[in-house]
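Q: Structure in structure tokens, see below.
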Amino acid sequence: MQRLSERLTRELLHLPSDRQIVVVCVGTDRSTGDALGPLVGTTLARHAQGMFDLYGTLDEPVHAMNLSETLYTIMRNSKQPYVIAIDACLGQVASVGCIHLASGPVRPGAGVNKDLPPVGDIHMTGIVNVGGFMEYFVLQNTRLNLVVKMADIIAGCISTAIRNIRGAPMPYALPD
């Protein structure tokens, strides 16, 4: 978690302080494997405190049916947003449980042959299971324990990195 936080912090250091950070957590709670994004979003919602905008939680997921609309809302509400995209993906058996941070957008739905718009200036993906055959079935039968643990790590990394570059919010208090 520390290495991912440090790497994400380095990625965010170049951002001007007035550029809004937006975290988009893609996925659905209707599939255990695909719930990584909404779980990250729900965890982050407890820590956002105005340091970043957040889209995609268990209560209000960002998925194939509303992704384009969500991206339009982000562009309408934020001037030059810096988008961090979070998504689950399938991979090789040796990579299950790994979390990747990469520059550029993620292609949501690519593992299940969906053609969705790319998301993010940078992205974090968690490899939740093995790909290559019957992807929908594999996502449905992914261990929830693994997905929850990965979501906690990703949320912790994002929260730490943003706090590192933007500082902890000051509590608001009136003088006596």
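Every chain in the structure tokens takes a letter, A first, then B, and so on in the order presented; its residues are numbered from 1, and the ligands are numbered from 1 following the presented order.
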To test your reading of the structure, identify every residue in stretch 25-89 of chain A that backbone DSSP assigns to alpha helix (DSSP H), and report it as JSON, numbers by chain.
A: {"A": [36, 37, 38, 39, 40, 41, 42, 43, 44, 45, 67, 68, 69, 70, 71, 72, 73, 74, 75, 76, 77]}
Q: Got a sec to tell me which of chain A DSSP assigns to strand (DSSP E), as a PyMOL selection string?
A: chain A and resi 21-25+53-55+82-91+99-103+122-130
Q: Could those selected residues go to a file with N, CA and C atoms, as a CSV table (one decimal), in the first residue's frame?
A:
chain,number,residue,atom,x,y,z
A,21,ILE,N,-9.5,17.3,-8.5
A,21,ILE,CA,-9.3,15.9,-8.6
A,21,ILE,C,-10.6,15.2,-8.6
A,22,VAL,N,-10.9,14.3,-9.5
A,22,VAL,CA,-12.1,13.6,-9.6
A,22,VAL,C,-11.8,12.1,-9.6
A,23,VAL,N,-12.4,11.4,-8.7
A,23,VAL,CA,-12.2,9.9,-8.7
A,23,VAL,C,-13.5,9.3,-9.2
A,24,VAL,N,-13.3,8.4,-10.2
A,24,VAL,CA,-14.4,7.7,-10.8
A,24,VAL,C,-14.2,6.2,-10.6
A,25,CYS,N,-15.1,5.6,-9.8
A,25,CYS,CA,-15.0,4.2,-9.5
A,25,CYS,C,-16.1,3.5,-10.3
A,53,ASP,N,-13.7,15.2,-5.9
A,53,ASP,CA,-15.1,14.8,-6.2
A,53,ASP,C,-15.1,13.3,-6.4
A,54,LEU,N,-16.2,12.7,-6.1
A,54,LEU,CA,-16.2,11.2,-6.2
A,54,LEU,C,-17.5,10.8,-6.9
A,55,TYR,N,-17.3,9.9,-7.8
A,55,TYR,CA,-18.4,9.3,-8.6
A,55,TYR,C,-18.2,7.8,-8.5
A,82,TYR,N,-9.0,16.5,-13.2
A,82,TYR,CA,-8.0,15.4,-13.3
A,82,TYR,C,-8.6,14.2,-12.8
A,83,VAL,N,-8.9,13.2,-13.6
A,83,VAL,CA,-9.7,12.1,-13.3
A,83,VAL,C,-8.8,10.9,-13.0
A,84,ILE,N,-9.0,10.3,-11.8
A,84,ILE,CA,-8.4,9.0,-11.4
A,84,ILE,C,-9.5,8.0,-11.6
A,85,ALA,N,-9.3,7.0,-12.5
A,85,ALA,CA,-10.4,6.0,-12.7
A,85,ALA,C,-10.0,4.7,-12.0
A,86,ILE,N,-11.0,4.0,-11.4
A,86,ILE,CA,-10.8,2.8,-10.7
A,86,ILE,C,-11.7,1.8,-11.4
A,87,ASP,N,-11.1,0.6,-11.6
A,87,ASP,CA,-12.0,-0.5,-12.2
A,87,ASP,C,-11.4,-1.8,-11.9
A,88,ALA,N,-12.2,-2.9,-12.0
A,88,ALA,CA,-11.7,-4.2,-11.8
A,88,ALA,C,-11.4,-4.8,-13.2
A,89,CYS,N,-10.5,-5.7,-13.2
A,89,CYS,CA,-10.2,-6.4,-14.5
A,89,CYS,C,-9.8,-7.8,-14.2
A,90,LEU,N,-9.8,-8.6,-15.3
A,90,LEU,CA,-9.4,-10.0,-15.2
A,90,LEU,C,-8.0,-10.1,-15.8
A,91,GLY,N,-7.2,-11.1,-15.4
A,91,GLY,CA,-5.9,-11.3,-15.8
A,91,GLY,C,-5.4,-12.7,-15.7
A,99,ILE,N,-2.6,-5.0,-8.0
A,99,ILE,CA,-3.2,-3.7,-8.3
A,99,ILE,C,-2.2,-2.9,-9.1
A,100,HIS,N,-2.7,-2.4,-10.2
A,100,HIS,CA,-1.9,-1.6,-11.2
A,100,HIS,C,-2.3,-0.1,-11.2
A,101,LEU,N,-1.3,0.7,-11.3
A,101,LEU,CA,-1.5,2.1,-11.5
A,101,LEU,C,-0.8,2.5,-12.8
A,102,ALA,N,-1.5,3.1,-13.7
A,102,ALA,CA,-0.9,3.5,-15.0
A,102,ALA,C,-1.5,4.8,-15.5
A,103,SER,N,-0.6,5.5,-16.3
A,103,SER,CA,-1.1,6.7,-16.9
A,103,SER,C,-2.1,6.4,-18.0
A,122,ILE,N,-5.3,9.1,-15.3
A,122,ILE,CA,-4.6,7.9,-14.8
A,122,ILE,C,-5.7,6.9,-14.3
A,123,HIS,N,-5.2,5.7,-14.1
A,123,HIS,CA,-6.2,4.7,-13.6
A,123,HIS,C,-5.5,3.7,-12.7
A,124,MET,N,-6.3,3.1,-11.9
A,124,MET,CA,-5.9,2.0,-11.0
A,124,MET,C,-6.9,0.8,-11.3
A,125,THR,N,-6.3,-0.3,-11.6
A,125,THR,CA,-7.1,-1.5,-11.8
A,125,THR,C,-6.7,-2.6,-10.9
A,126,GLY,N,-7.6,-3.3,-10.4
A,126,GLY,CA,-7.4,-4.5,-9.6
A,126,GLY,C,-7.7,-5.8,-10.3
A,127,ILE,N,-6.8,-6.7,-10.4
A,127,ILE,CA,-7.0,-7.9,-11.1
A,127,ILE,C,-7.7,-8.9,-10.1
A,128,VAL,N,-9.0,-9.1,-10.3
A,128,VAL,CA,-9.9,-9.8,-9.3
A,128,VAL,C,-10.0,-11.3,-9.6
A,129,ASN,N,-9.7,-11.7,-10.9
A,129,ASN,CA,-9.9,-13.1,-11.2
A,129,ASN,C,-9.2,-13.3,-12.6
A,130,VAL,N,-9.3,-14.6,-13.0
A,130,VAL,CA,-8.6,-15.0,-14.2
A,130,VAL,C,-9.5,-14.8,-15.4
Q: Just to confirm, what's the straight-line distance from atom CA of A:Gly131 to atom CA of A:Ala110 in Å (one decimal)?
A: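 Straight-line distance from atom CA of A:Gly131 to atom CA of A:Ala110 works out to 11.1 Å.
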Q: Could you please determine the separation between atom CA of A:Glu11 and atom CA of A:Pro81 in Å, to one decimal place?
A: 14.6 Å
Q: What gap, in Å, lies between atom CA of A:Asn141 and atom CA of A:Gly33?
A: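 Separation of atom CA of A:Asn141 and atom CA of A:Gly33: 7.2 Å.
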Q: Rank A:Asn113, A:Val119, A:Arg166, A:Gly156 by their smallest atom-to-atom distance to A:Ile74, using only C-alpha atoms, and report the top residue only.
A: A:Val119
Q: For each of A:Val112, A:Cys157, A:Val96, A:Ala48, take the minimum atom-to-atom distance to A:Glu135, counting only C-alpha atoms, then give the residue where this is smallest.
A: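 Distance minimum relative to A:Glu135 lands on A:Val112.
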Q: Using only C-alpha atoms, pick whichever of A:Val106, A:Leu15, A:Leu39, A:Leu8 has the shortest atom-to-atom distance to A:Asp59.
A: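 Of A:Val106, A:Leu15, A:Leu39, A:Leu8, the one nearest A:Asp59, counting only C-alpha atoms, is A:Leu39.
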Q: Show me, as JSON, numbers by chain, the residues that have an atom within 12 Å of A:Met65 when counting only C-alpha atoms, minus same-chain residues fewer than 5 positions from it.
A: {"A": [26, 27, 28, 70, 71, 108, 109, 114, 115, 116, 117]}
Q: Identify, on the basis of only C-alpha atoms, every residue whose closest approach to A:Ile162 does not exceed 10 Å; exclude the query and any residue fewer than 2 positions from it along the same chain; express the result as a PyMOL selection string.
A: chain A and resi 5+8-9+12-13+21+48+51-52+157-160+164-168
